Amino acid sequence: MRVFTSVLDVVIGGLIMGGIYALIAVGLGLQYGVGRVLNVSHGEFIMIGAFATWSLYTLLGVSPLVSLILCGPVLFIIGFLIHRTLFQYLRGKSESAGAFADSSLLASFGLLFIIQNLALLIWKADIRGYSYLNSSVSIFGAIFAANRLVALLFAVVISLVFYVFLTRTRLGKAIRAAAEDPVTAQVMGVNIHRVLAICFGLGALMAGFAGPLISMIYEIQPTMGLEYTIIAIIVVVLGGLGSITGSLIGGFILGLIGSVVTYFDPGLSLIAYYVIFILLLLIRPTGILGK
Amino acid sequence: MNRVGIIFKKPFSLGLLFLALILFATAPFYVQPYLVILLTSVFMYIIITVSWTIFSGPTHYISLASAAFFGVGVYTSALLGKAFPLPVVIIAGSLISFVLALCIGLLTLRLRGMYFIIFTFSISELMRNFLLWWETTMTGTVGRWVVMVEHVTVYYVILVIFVMVLLTAYLIRRSRFGLALRSIGEQEEAATHIGINTTVVKTITFAISAFFMGATGAIMATKWKYIDPRIAFDPLLSFMPVLMAIFGGTGQLFGPVFGAAIFAYLEEILTTKFPYYYMLLFGSILIVVILFLPHGMVGLVQKWWGGGLNRKNANS
């Protein structure tokens with residue numbers, strides 16, 4: 001029985017982490033897979049979402065789940081505008097796709113430094129946290145805080161809604177077409193600049209959803225972004241670049257691995273991620289579902 | 001007219017370089033100690049940036065592993081510093097970095113573009129996180145003390161490495177080897193077809209650039225006295241050279257030198273008083289340079305210079 005609850009503990013803990021990983025990876029995967037921008041400032045958008053939620057909750061008592069609904073769209077607009085100005089200009093100026101990939105990566109490093117240090121000026125470097133929905137829930141003997149289960153539920157629902165949006169709507173189809181072949185998509189009447197900016201915005205939207213969920217269950221600080229960015233990159237490569245389904249599956253796989261490693265030694269989880277990632281790049285850089 | 005310019009220019013710039021070298025070599029005798037320390041960190045950034053450019057400039061493979069090679073040097077110094085004299089420690093640090101880069105190179109240079117960038121970054125971060133875990137769980141203390149060396153000695157060692165890295169970068173640029181590197185950057189398949197062993201060329205160059213980073217790490221550790229994995233493998237050490245080189249312009253040898261000098265000075269004066277504003281400025285400049293100065297500051301100056309000459313020629 002004790003073994004059973006331990007296993008359950010690890011599995012559900014892994015699913016909770018995995019749900020959030022999947023969410024942030026889908027966002028990054030969209031920005032890179034369609035727009036060819038490896039957005040290393042992705043984690044900074046998550047951080048903004050987390051800190052906005054923290055501020056609203058501690059200052060005004062706004063529920064984090066309400067902040068979640070606010071943060072997503074606001075970050076979508078910011079992301080959309082950033083792409084329309086910065087990345088669209090770079091894309092027009094770059095001689096080749098490879099040159100654009102390099103310059104957009106460096107530009108997003110610039111964004112990382114700007115956003116992170118603005119946040120440090122506003123919120124200072126302290127570690128923050130708050131308790132919300134902290135009552136414990138027992139599942140077959142394993143005990144979890146309610147907020148973690150709520151976070152998992154939201155992560156799964158958001159991912160599923162997004163998946164349906166991508167596969168069932170006209171805009172989703174245009175996005176997938178642009179990911180496949182931007183030039184042909186343009187010929188077929190897809191407004192490519194608009195679609196790419198929407199993709200970047202959607203990536204920020206996902207970060208805006210993930211940030212509040214993360215702030216509900218983990219401690220936050222203005223420098224937390226890079227770690228989440230790296231996890232998102234690992235998940236995206238694990239799932240296969242450009243595959244949304246791959247990112248979703250990859251997120252849960254990495255979450256489960258992380259949960260197992262954390263069970264033995266919490267200090268080793270990030271190291272395990274890097275080892276997996278490095279082996280993956282050497283052995284199968286196309287990932288699980290990549291072509 | 002132009003030919004006279006070239007004939008006249010070369011000994012002139014050589015003489016200028018020589019003069020600058022003498023000035024720097026005698027600096028500790030007549031400037032304040034503070035300035036020597038400042039110059040040391042400016043040279044440190046120049047060395048890392050120039051050695052980054054030796055490999056990444058011509059090949060367009062953006063490496064984010066500088067922190068790994070620097071950190072290896074730092075830790076070599078921390079581990080061997082008590083038992084061996086300084087020159088041995090520095091040479092050991094650079095050789096270990098060199099070998100590490102050879103191994104990484106042979107494994108990964110098949111990866112291209114984005115994959116190479118994130119791979120090099122993960123190697124460096126893996127080492128940092130692993131050492132952090134090792135030091136906290138196995139040795140029990142996160143940091144280590146390093147045998148201290150006088151500031152002036154550190155300065156001279158850094159100056160020697162600086163001269164060596166400049167010479168190496170210059171010689172590589174001028175040689176057939178440099179030509180091979182540039183052709184890899186232009187079109188790797190074509191380079192293979194004309195008989196360049198691209199893997200060997202890339203790996204060796206990568207290792208040479210790591211050699212100098214390791215040496216710098218080994219000597220800087222003795223200046224800092226206390227080190228831990230977060231200082232030694234600071235990811236900023238991987239990002240800085242990229243920005244500094246691109247800001248200066250990777251097309252010319254002096255681009256990265258100027259870029260690094262300007263930023264290192266800015267960091268030195270801003271970072272203690274306004275650390276967040278410094279990084280804010282850093283990010284903003286990075287974006288501005290990428291948007292508007294694809295060939296860096298040196299490229300911009302050359303464009304003005306060249307534009308001026310062309311106008312003159314058109315008039316005459």
# chains A, B, ... in the order shown; residues from 1 in each chain; ligands from 1
>>> interface_residues(of="chain B", to="chain A", cutoff="7 Å", atoms="only C-alpha atoms", output="list in words")
Phe119, Ser122, Leu126, Asn129, Phe130, Trp133, Tyr276, Met279, Leu280, Gly283, Ser284, Leu286, Ile287, Ile290 and Leu291 of chain B
>>> residues_around(residues="stretch 140-143 of chain A", least_positions_apart="3", cutoff="8 Å", atoms="only C-alpha atoms", output="MDAnalysis selection string")
chainID A and resid 5:6 8:9 136:137
>>> write_last_selection(atoms="N, CA and C atoms", output="short mmCIF file (atom, residue, chain, number, x, y, z; two decimals), in the first residue's frame")
data_model
loop_
_atom_site.label_atom_id
_atom_site.label_comp_id
_atom_site.auth_asym_id
_atom_site.auth_seq_id
_atom_site.Cartn_x
_atom_site.Cartn_y
_atom_site.Cartn_z
N THR A 5 0.94 4.25 -2.84
CA THR A 5 0.76 5.70 -2.68
C THR A 5 1.98 6.47 -3.17
N SER A 6 3.18 5.90 -2.96
CA SER A 6 4.38 6.58 -3.46
C SER A 6 4.33 6.69 -4.98
N LEU A 8 1.73 6.59 -6.89
CA LEU A 8 0.66 7.53 -7.25
C LEU A 8 1.13 8.97 -7.07
N ASP A 9 1.83 9.18 -5.97
CA ASP A 9 2.41 10.48 -5.65
C ASP A 9 3.28 10.97 -6.79
N SER A 136 -5.86 20.39 1.39
CA SER A 136 -5.32 19.17 0.80
C SER A 136 -6.44 18.25 0.33
N VAL A 137 -6.16 17.57 -0.76
CA VAL A 137 -7.12 16.65 -1.35
C VAL A 137 -6.45 15.28 -1.38
#
>>> residues_around(residues="A:Val156", least_positions_apart="2", cutoff="10 Å", atoms="only C-alpha atoms", output="list in words")
Leu15, Ile16, Gly18, Gly19, Ile20, Ala22, Leu23, Val150, Ala151, Leu152, Leu153, Phe154, Ile158, Ser159, Leu160, Val161, Phe162 and Leu248 of chain A
>>> closest_residue(among="A:Gly225, A:Gly203, A:Pro73, A:Gly29", to="A:Thr245", atoms="only C-alpha atoms")
A:Gly29
>>> select_by_dssp(residues="stretch 27-184 of chain B", states="helix (DSSP H, G or I)", output="CSV table (one decimal) with N, CA and C atoms, in the first residue's frame")
chain,number,residue,atom,x,y,z
B,27,ALA,N,52.0,50.3,-18.1
B,27,ALA,CA,50.9,51.0,-17.4
B,27,ALA,C,51.0,50.8,-15.9
B,28,PRO,N,51.3,49.6,-15.3
B,28,PRO,CA,51.3,49.5,-13.9
B,28,PRO,C,52.3,50.4,-13.2
B,29,PHE,N,53.3,51.0,-13.9
B,29,PHE,CA,54.3,51.8,-13.3
B,29,PHE,C,53.8,53.2,-13.1
B,30,TYR,N,52.8,53.7,-13.9
B,30,TYR,CA,52.4,55.1,-13.7
B,30,TYR,C,50.9,55.3,-13.5
B,33,PRO,N,46.4,51.9,-9.1
B,33,PRO,CA,46.1,50.4,-9.1
B,33,PRO,C,44.7,50.1,-9.6
B,34,TYR,N,43.8,51.0,-9.3
B,34,TYR,CA,42.4,50.8,-9.7
B,34,TYR,C,42.3,50.6,-11.2
B,35,LEU,N,43.1,51.4,-11.9
B,35,LEU,CA,43.0,51.4,-13.4
B,35,LEU,C,43.6,50.1,-13.9
B,36,VAL,N,44.6,49.6,-13.2
B,36,VAL,CA,45.1,48.3,-13.6
B,36,VAL,C,44.1,47.2,-13.5
B,37,ILE,N,43.3,47.2,-12.4
B,37,ILE,CA,42.3,46.2,-12.2
B,37,ILE,C,41.2,46.4,-13.3
B,38,LEU,N,40.9,47.6,-13.6
B,38,LEU,CA,39.9,47.9,-14.6
B,38,LEU,C,40.3,47.4,-16.0
B,39,LEU,N,41.6,47.7,-16.3
B,39,LEU,CA,42.2,47.2,-17.6
B,39,LEU,C,42.1,45.7,-17.6
B,40,THR,N,42.4,45.0,-16.5
B,40,THR,CA,42.4,43.6,-16.5
B,40,THR,C,41.1,43.0,-16.9
B,41,SER,N,40.0,43.6,-16.3
B,41,SER,CA,38.7,43.0,-16.7
B,41,SER,C,38.3,43.4,-18.1
B,42,VAL,N,38.7,44.6,-18.6
B,42,VAL,CA,38.5,44.9,-20.0
B,42,VAL,C,39.2,43.9,-20.9
B,43,PHE,N,40.5,43.6,-20.6
B,43,PHE,CA,41.2,42.7,-21.4
B,43,PHE,C,40.6,41.3,-21.4
B,44,MET,N,40.1,40.9,-20.2
B,44,MET,CA,39.4,39.6,-20.1
B,44,MET,C,38.3,39.5,-21.1
B,45,TYR,N,37.4,40.5,-21.1
B,45,TYR,CA,36.3,40.4,-22.1
B,45,TYR,C,36.8,40.4,-23.5
B,46,ILE,N,37.8,41.2,-23.8
B,46,ILE,CA,38.4,41.3,-25.2
B,46,ILE,C,38.8,39.9,-25.5
B,47,ILE,N,39.6,39.2,-24.6
B,47,ILE,CA,40.1,37.9,-25.0
B,47,ILE,C,39.0,36.9,-25.3
B,48,ILE,N,38.0,36.9,-24.4
B,48,ILE,CA,36.9,35.9,-24.6
B,48,ILE,C,36.2,36.2,-25.9
B,49,THR,N,35.9,37.5,-26.1
B,49,THR,CA,35.2,37.9,-27.3
B,49,THR,C,36.0,37.6,-28.6
B,50,VAL,N,37.3,37.9,-28.6
B,50,VAL,CA,38.1,37.6,-29.8
B,50,VAL,C,38.2,36.1,-30.0
B,51,SER,N,38.4,35.4,-28.9
B,51,SER,CA,38.5,33.9,-29.1
B,51,SER,C,37.2,33.3,-29.5
B,52,TRP,N,36.0,33.9,-29.1
B,52,TRP,CA,34.7,33.4,-29.6
B,52,TRP,C,34.7,33.7,-31.1
B,53,THR,N,35.1,34.9,-31.5
B,53,THR,CA,35.0,35.3,-32.9
B,53,THR,C,35.9,34.4,-33.8
B,54,ILE,N,37.1,33.9,-33.3
B,54,ILE,CA,37.9,33.1,-34.1
B,54,ILE,C,37.1,31.9,-34.7
B,55,PHE,N,36.3,31.3,-33.9
B,55,PHE,CA,35.5,30.2,-34.4
B,55,PHE,C,34.2,30.7,-35.0
B,56,SER,N,33.4,31.4,-34.2
B,56,SER,CA,32.0,31.7,-34.6
B,56,SER,C,31.9,32.8,-35.7
B,57,GLY,N,32.9,33.7,-35.7
B,57,GLY,CA,32.8,34.8,-36.7
B,57,GLY,C,32.8,34.2,-38.1
B,58,PRO,N,33.8,33.6,-38.6
B,58,PRO,CA,33.8,33.1,-40.0
B,58,PRO,C,32.8,32.0,-40.3
B,59,THR,N,32.6,31.1,-39.3
B,59,THR,CA,31.8,29.9,-39.6
B,59,THR,C,30.3,30.1,-39.5
B,66,SER,N,31.0,29.4,-24.2
B,66,SER,CA,32.1,30.1,-23.7
B,66,SER,C,32.2,29.9,-22.2
B,67,ALA,N,31.1,30.0,-21.5
B,67,ALA,CA,31.1,29.9,-20.0
B,67,ALA,C,31.7,28.5,-19.6
B,68,ALA,N,31.4,27.5,-20.4
B,68,ALA,CA,31.9,26.1,-20.0
B,68,ALA,C,33.4,26.1,-20.0
B,69,PHE,N,34.0,26.7,-21.1
B,69,PHE,CA,35.5,26.7,-21.2
B,69,PHE,C,36.1,27.6,-20.2
B,70,PHE,N,35.5,28.7,-20.0
B,70,PHE,CA,36.0,29.6,-19.0
B,70,PHE,C,35.9,29.0,-17.6
B,71,GLY,N,34.8,28.3,-17.3
B,71,GLY,CA,34.6,27.7,-16.0
B,71,GLY,C,35.6,26.6,-15.8
B,72,VAL,N,35.9,25.8,-16.8
B,72,VAL,CA,36.8,24.7,-16.7
B,72,VAL,C,38.2,25.3,-16.2
B,73,GLY,N,38.6,26.4,-16.9
B,73,GLY,CA,39.8,27.1,-16.5
B,73,GLY,C,39.8,27.5,-15.0
B,74,VAL,N,38.6,28.1,-14.6
B,74,VAL,CA,38.5,28.6,-13.2
B,74,VAL,C,38.7,27.4,-12.3
B,75,TYR,N,38.0,26.3,-12.6
B,75,TYR,CA,38.1,25.1,-11.6
B,75,TYR,C,39.4,24.5,-11.6
B,76,THR,N,40.1,24.5,-12.8
B,76,THR,CA,41.5,23.9,-12.8
B,76,THR,C,42.3,24.7,-11.8
B,77,SER,N,42.2,26.0,-11.9
B,77,SER,CA,42.9,26.9,-11.0
B,77,SER,C,42.6,26.6,-9.6
B,78,ALA,N,41.3,26.4,-9.3
B,78,ALA,CA,41.0,26.2,-7.9
B,78,ALA,C,41.5,24.9,-7.4
B,79,LEU,N,41.6,23.9,-8.2
B,79,LEU,CA,42.0,22.5,-7.8
B,79,LEU,C,43.5,22.4,-7.8
B,80,LEU,N,44.2,23.0,-8.8
B,80,LEU,CA,45.6,22.8,-8.9
B,80,LEU,C,46.4,23.9,-8.2
B,86,LEU,N,52.0,29.0,-10.9
B,86,LEU,CA,51.0,29.7,-11.7
B,86,LEU,C,51.1,29.3,-13.2
B,87,PRO,N,52.3,29.3,-13.8
B,87,PRO,CA,52.3,29.0,-15.3
B,87,PRO,C,51.7,27.6,-15.6
B,88,VAL,N,52.1,26.6,-14.7
B,88,VAL,CA,51.6,25.3,-14.9
B,88,VAL,C,50.1,25.2,-14.8
B,89,VAL,N,49.5,25.9,-13.8
B,89,VAL,CA,48.1,26.0,-13.6
B,89,VAL,C,47.4,26.5,-14.9
B,90,ILE,N,47.9,27.6,-15.4
B,90,ILE,CA,47.3,28.3,-16.5
B,90,ILE,C,47.4,27.4,-17.8
B,91,ILE,N,48.5,26.8,-18.0
B,91,ILE,CA,48.6,25.9,-19.2
B,91,ILE,C,47.7,24.7,-19.0
B,92,ALA,N,47.6,24.2,-17.8
B,92,ALA,CA,46.7,23.0,-17.5
B,92,ALA,C,45.3,23.4,-17.8
B,93,GLY,N,44.9,24.6,-17.3
B,93,GLY,CA,43.5,25.1,-17.6
B,93,GLY,C,43.2,25.2,-19.0
B,94,SER,N,44.2,25.8,-19.8
B,94,SER,CA,43.9,26.0,-21.2
B,94,SER,C,43.8,24.6,-22.0
B,95,LEU,N,44.7,23.7,-21.6
B,95,LEU,CA,44.8,22.4,-22.3
B,95,LEU,C,43.5,21.6,-22.0
B,96,ILE,N,43.1,21.6,-20.7
B,96,ILE,CA,41.8,20.9,-20.4
B,96,ILE,C,40.7,21.4,-21.2
B,97,SER,N,40.6,22.8,-21.3
B,97,SER,CA,39.5,23.4,-22.1
B,97,SER,C,39.6,23.0,-23.5
B,98,PHE,N,40.9,23.0,-24.0
B,98,PHE,CA,41.2,22.6,-25.4
B,98,PHE,C,40.6,21.2,-25.7
B,99,VAL,N,41.0,20.2,-24.8
B,99,VAL,CA,40.6,18.8,-25.0
B,99,VAL,C,39.1,18.7,-24.9
B,100,LEU,N,38.5,19.4,-23.9
B,100,LEU,CA,37.0,19.4,-23.8
B,100,LEU,C,36.4,19.8,-25.1
B,101,ALA,N,36.9,20.9,-25.6
B,101,ALA,CA,36.3,21.5,-26.9
B,101,ALA,C,36.5,20.5,-28.0
B,102,LEU,N,37.6,19.8,-28.1
B,102,LEU,CA,37.8,18.8,-29.1
B,102,LEU,C,36.7,17.7,-29.0
B,103,CYS,N,36.5,17.3,-27.8
B,103,CYS,CA,35.5,16.2,-27.6
B,103,CYS,C,34.1,16.8,-28.0
B,104,ILE,N,33.7,17.9,-27.5
B,104,ILE,CA,32.4,18.5,-27.8
B,104,ILE,C,32.3,18.7,-29.3
B,105,GLY,N,33.4,19.2,-29.9
B,105,GLY,CA,33.5,19.5,-31.4
B,105,GLY,C,33.2,18.2,-32.2
B,106,LEU,N,33.9,17.1,-31.8
B,106,LEU,CA,33.8,15.9,-32.6
B,106,LEU,C,32.3,15.4,-32.5
B,107,LEU,N,31.7,15.6,-31.3
B,107,LEU,CA,30.4,15.1,-31.1
B,107,LEU,C,29.3,15.9,-31.8
B,108,THR,N,29.5,17.2,-31.8
B,108,THR,CA,28.4,18.0,-32.1
B,108,THR,C,28.5,18.9,-33.4
B,113,GLY,N,23.0,25.2,-37.1
B,113,GLY,CA,22.1,26.3,-36.8
B,113,GLY,C,21.6,26.2,-35.3
B,114,MET,N,20.3,26.2,-35.2
B,114,MET,CA,19.7,26.3,-33.9
B,114,MET,C,20.1,25.1,-33.0
B,115,TYR,N,20.2,24.0,-33.6
B,115,TYR,CA,20.6,22.8,-32.7
B,115,TYR,C,22.0,23.0,-32.1
B,116,PHE,N,22.9,23.5,-32.9
B,116,PHE,CA,24.2,23.7,-32.4
B,116,PHE,C,24.2,24.8,-31.2
B,117,ILE,N,23.4,25.8,-31.4
B,117,ILE,CA,23.4,26.9,-30.4
B,117,ILE,C,22.8,26.3,-29.1
B,118,ILE,N,21.7,25.6,-29.2
B,118,ILE,CA,21.1,25.2,-27.9
B,118,ILE,C,21.9,24.0,-27.3
B,119,PHE,N,22.6,23.3,-28.2
B,119,PHE,CA,23.4,22.2,-27.6
B,119,PHE,C,24.6,22.8,-26.8
B,120,THR,N,25.3,23.8,-27.4
B,120,THR,CA,26.4,24.3,-26.7
B,120,THR,C,26.0,25.0,-25.3
B,121,PHE,N,24.8,25.6,-25.4
B,121,PHE,CA,24.3,26.2,-24.2
B,121,PHE,C,24.0,25.2,-23.1
B,122,SER,N,23.4,24.0,-23.6
B,122,SER,CA,23.0,23.0,-22.6
B,122,SER,C,24.3,22.4,-22.0
B,123,ILE,N,25.3,22.2,-22.8
B,123,ILE,CA,26.6,21.7,-22.2
B,123,ILE,C,27.0,22.5,-21.1
B,124,SER,N,27.1,23.8,-21.3
B,124,SER,CA,27.6,24.8,-20.3
B,124,SER,C,26.7,24.8,-19.1
B,125,GLU,N,25.4,24.7,-19.3
B,125,GLU,CA,24.4,24.7,-18.2
B,125,GLU,C,24.5,23.4,-17.4
B,126,LEU,N,24.7,22.3,-18.1
B,126,LEU,CA,24.7,21.0,-17.5
B,126,LEU,C,25.9,21.0,-16.5
B,127,MET,N,27.1,21.5,-17.0
B,127,MET,CA,28.3,21.5,-16.2
B,127,MET,C,28.0,22.4,-14.9
B,128,ARG,N,27.4,23.5,-15.1
B,128,ARG,CA,27.1,24.4,-13.9
B,128,ARG,C,26.2,23.7,-12.9
B,129,ASN,N,25.1,23.2,-13.4
B,129,ASN,CA,24.2,22.5,-12.5
B,129,ASN,C,24.7,21.3,-11.8
B,130,PHE,N,25.5,20.5,-12.6
B,130,PHE,CA,26.1,19.3,-12.1
B,130,PHE,C,27.1,19.7,-10.9
B,131,LEU,N,28.0,20.7,-11.2
B,131,LEU,CA,28.9,21.1,-10.2
B,131,LEU,C,28.3,21.6,-9.0
B,132,LEU,N,27.2,22.4,-9.2
B,132,LEU,CA,26.4,22.9,-8.0
B,132,LEU,C,25.9,21.8,-7.2
B,133,TRP,N,25.4,20.8,-7.8
B,133,TRP,CA,24.8,19.6,-7.1
B,133,TRP,C,25.9,18.8,-6.4
B,134,TRP,N,27.0,18.6,-7.2
B,134,TRP,CA,28.2,17.9,-6.6
B,134,TRP,C,28.7,18.6,-5.4
B,135,GLU,N,28.9,19.9,-5.5
B,135,GLU,CA,29.5,20.6,-4.4
B,135,GLU,C,28.6,20.7,-3.2
B,136,THR,N,27.3,20.8,-3.4
B,136,THR,CA,26.4,20.8,-2.2
B,136,THR,C,26.2,19.5,-1.6
B,137,THR,N,26.1,18.4,-2.4
B,137,THR,CA,25.8,17.1,-1.8
B,137,THR,C,27.0,16.3,-1.5
B,138,MET,N,28.1,16.4,-2.3
B,138,MET,CA,29.3,15.6,-2.1
B,138,MET,C,30.3,16.3,-1.2
B,139,THR,N,30.7,17.5,-1.6
B,139,THR,CA,31.8,18.1,-0.8
B,139,THR,C,31.2,19.0,0.4
B,151,HIS,N,47.6,41.6,-8.2
B,151,HIS,CA,46.9,42.2,-9.3
B,151,HIS,C,47.8,42.5,-10.5
B,152,VAL,N,49.0,42.9,-10.2
B,152,VAL,CA,49.9,43.3,-11.3
B,152,VAL,C,50.3,42.0,-12.1
B,153,THR,N,50.6,40.9,-11.4
B,153,THR,CA,50.9,39.7,-12.1
B,153,THR,C,49.7,39.2,-12.9
B,154,VAL,N,48.5,39.3,-12.4
B,154,VAL,CA,47.3,38.9,-13.1
B,154,VAL,C,47.2,39.8,-14.4
B,155,TYR,N,47.5,41.1,-14.2
B,155,TYR,CA,47.4,42.0,-15.4
B,155,TYR,C,48.4,41.6,-16.5
B,156,TYR,N,49.6,41.2,-16.1
B,156,TYR,CA,50.6,40.9,-17.1
B,156,TYR,C,50.3,39.6,-17.8
B,157,VAL,N,49.8,38.6,-17.0
B,157,VAL,CA,49.4,37.3,-17.6
B,157,VAL,C,48.3,37.6,-18.6
B,158,ILE,N,47.3,38.4,-18.2
B,158,ILE,CA,46.2,38.7,-19.1
B,158,ILE,C,46.7,39.4,-20.4
B,159,LEU,N,47.6,40.3,-20.2
B,159,LEU,CA,48.2,41.0,-21.3
B,159,LEU,C,48.8,40.1,-22.3
B,160,VAL,N,49.6,39.1,-21.8
B,160,VAL,CA,50.3,38.1,-22.6
B,160,VAL,C,49.2,37.3,-23.4
B,161,ILE,N,48.2,36.8,-22.7
B,161,ILE,CA,47.2,36.1,-23.4
B,161,ILE,C,46.5,36.9,-24.4
B,162,PHE,N,46.3,38.2,-24.1
B,162,PHE,CA,45.6,39.1,-25.1
B,162,PHE,C,46.5,39.2,-26.3
B,163,VAL,N,47.8,39.4,-26.2
B,163,VAL,CA,48.6,39.5,-27.4
B,163,VAL,C,48.6,38.2,-28.2
B,164,MET,N,48.6,37.1,-27.4
B,164,MET,CA,48.6,35.8,-28.1
B,164,MET,C,47.3,35.6,-28.9
B,165,VAL,N,46.2,35.9,-28.3
B,165,VAL,CA,44.9,35.7,-28.9
B,165,VAL,C,44.8,36.6,-30.2
B,166,LEU,N,45.3,37.8,-30.1
B,166,LEU,CA,45.2,38.7,-31.2
B,166,LEU,C,46.1,38.2,-32.4
B,167,LEU,N,47.3,37.7,-32.0
B,167,LEU,CA,48.2,37.2,-33.0
B,167,LEU,C,47.6,36.0,-33.7
B,168,THR,N,47.0,35.1,-32.8
B,168,THR,CA,46.4,33.9,-33.4
B,168,THR,C,45.3,34.2,-34.3
B,169,ALA,N,44.4,35.1,-33.9
B,169,ALA,CA,43.2,35.5,-34.7
B,169,ALA,C,43.7,36.1,-36.0
B,170,TYR,N,44.8,36.9,-35.9
B,170,TYR,CA,45.3,37.5,-37.1
B,170,TYR,C,45.9,36.5,-38.1
B,171,LEU,N,46.7,35.6,-37.5
B,171,LEU,CA,47.3,34.6,-38.4
B,171,LEU,C,46.3,33.6,-39.0
B,172,ILE,N,45.3,33.3,-38.2
B,172,ILE,CA,44.2,32.4,-38.8
B,172,ILE,C,43.5,33.1,-39.9
B,173,ARG,N,43.2,34.3,-39.7
B,173,ARG,CA,42.5,35.1,-40.8
B,173,ARG,C,43.3,35.1,-42.1
B,174,ARG,N,44.6,35.3,-41.9
B,174,ARG,CA,45.4,35.4,-43.1
B,174,ARG,C,45.7,34.1,-43.8
B,176,ARG,N,45.4,29.9,-45.2
B,176,ARG,CA,44.5,29.1,-45.9
B,176,ARG,C,43.4,28.5,-45.0
B,177,PHE,N,43.8,28.3,-43.8
B,177,PHE,CA,42.9,27.8,-42.7
B,177,PHE,C,41.7,28.7,-42.5
B,178,GLY,N,42.1,30.0,-42.5
B,178,GLY,CA,41.0,31.0,-42.3
B,178,GLY,C,40.1,31.0,-43.5
B,179,LEU,N,40.7,30.9,-44.7
B,179,LEU,CA,39.9,30.8,-45.9
B,179,LEU,C,38.9,29.7,-45.9
B,180,ALA,N,39.5,28.5,-45.4
B,180,ALA,CA,38.6,27.3,-45.3
B,180,ALA,C,37.5,27.6,-44.3
B,181,LEU,N,37.7,28.3,-43.2
B,181,LEU,CA,36.7,28.6,-42.2
B,181,LEU,C,35.6,29.5,-42.9
B,182,ARG,N,36.1,30.5,-43.6
B,182,ARG,CA,35.1,31.4,-44.2
B,182,ARG,C,34.2,30.6,-45.3
B,183,SER,N,34.9,29.7,-46.0
B,183,SER,CA,34.1,29.0,-47.0
B,183,SER,C,33.1,28.1,-46.3
B,184,ILE,N,33.4,27.6,-45.1
B,184,ILE,CA,32.4,26.8,-44.4
B,184,ILE,C,31.2,27.7,-44.0
>>> atom_distance(atom1="atom CA of A:Ile192", atom2="atom CA of A:Ile82")
15.6 Å
>>> atom_distance(atom1="atom CA of A:Ser215", atom2="atom CA of A:Leu60")
16.0 Å
>>> closest_residue(among="A:Ile276, A:Ala197, A:Ala145, A:Val7", to="A:Phe76", atoms="only C-alpha atoms")
A:Ala197
>>> atom_distance(atom1="atom CA of B:Ser238", atom2="atom CA of B:Ala65")
5.9 Å
>>> residues_around(residues="A:Ile127", least_positions_apart="3", cutoff="10 Å", atoms="only C-alpha atoms", output="ChimeraX atom specification")
/A:123-124,219-224
>>> closest_residue(among="A:Ala179, A:Ile217, A:Val74, A:Val261", to="A:Ala146", atoms="only C-alpha atoms")
A:Ile217
>>> closest_residue(among="A:Val195, A:Ala25, A:Ala185, A:Cys71", to="A:Leu238", atoms="only C-alpha atoms")
A:Ala25
>>> select_by_dssp(residues="stretch 24-178 of chain A", states="strand (DSSP E)", output="count of residues only")
8
>>> closest_residue(among="A:Tyr228, A:Phe264, A:Phe200, A:Tyr32", to="A:His83", atoms="only C-alpha atoms")
A:Phe200
>>> closest_residue(among="B:Leu17, B:Ile204, B:Ala218, B:Leu270", to="B:Met148", atoms="only C-alpha atoms")
B:Ala218
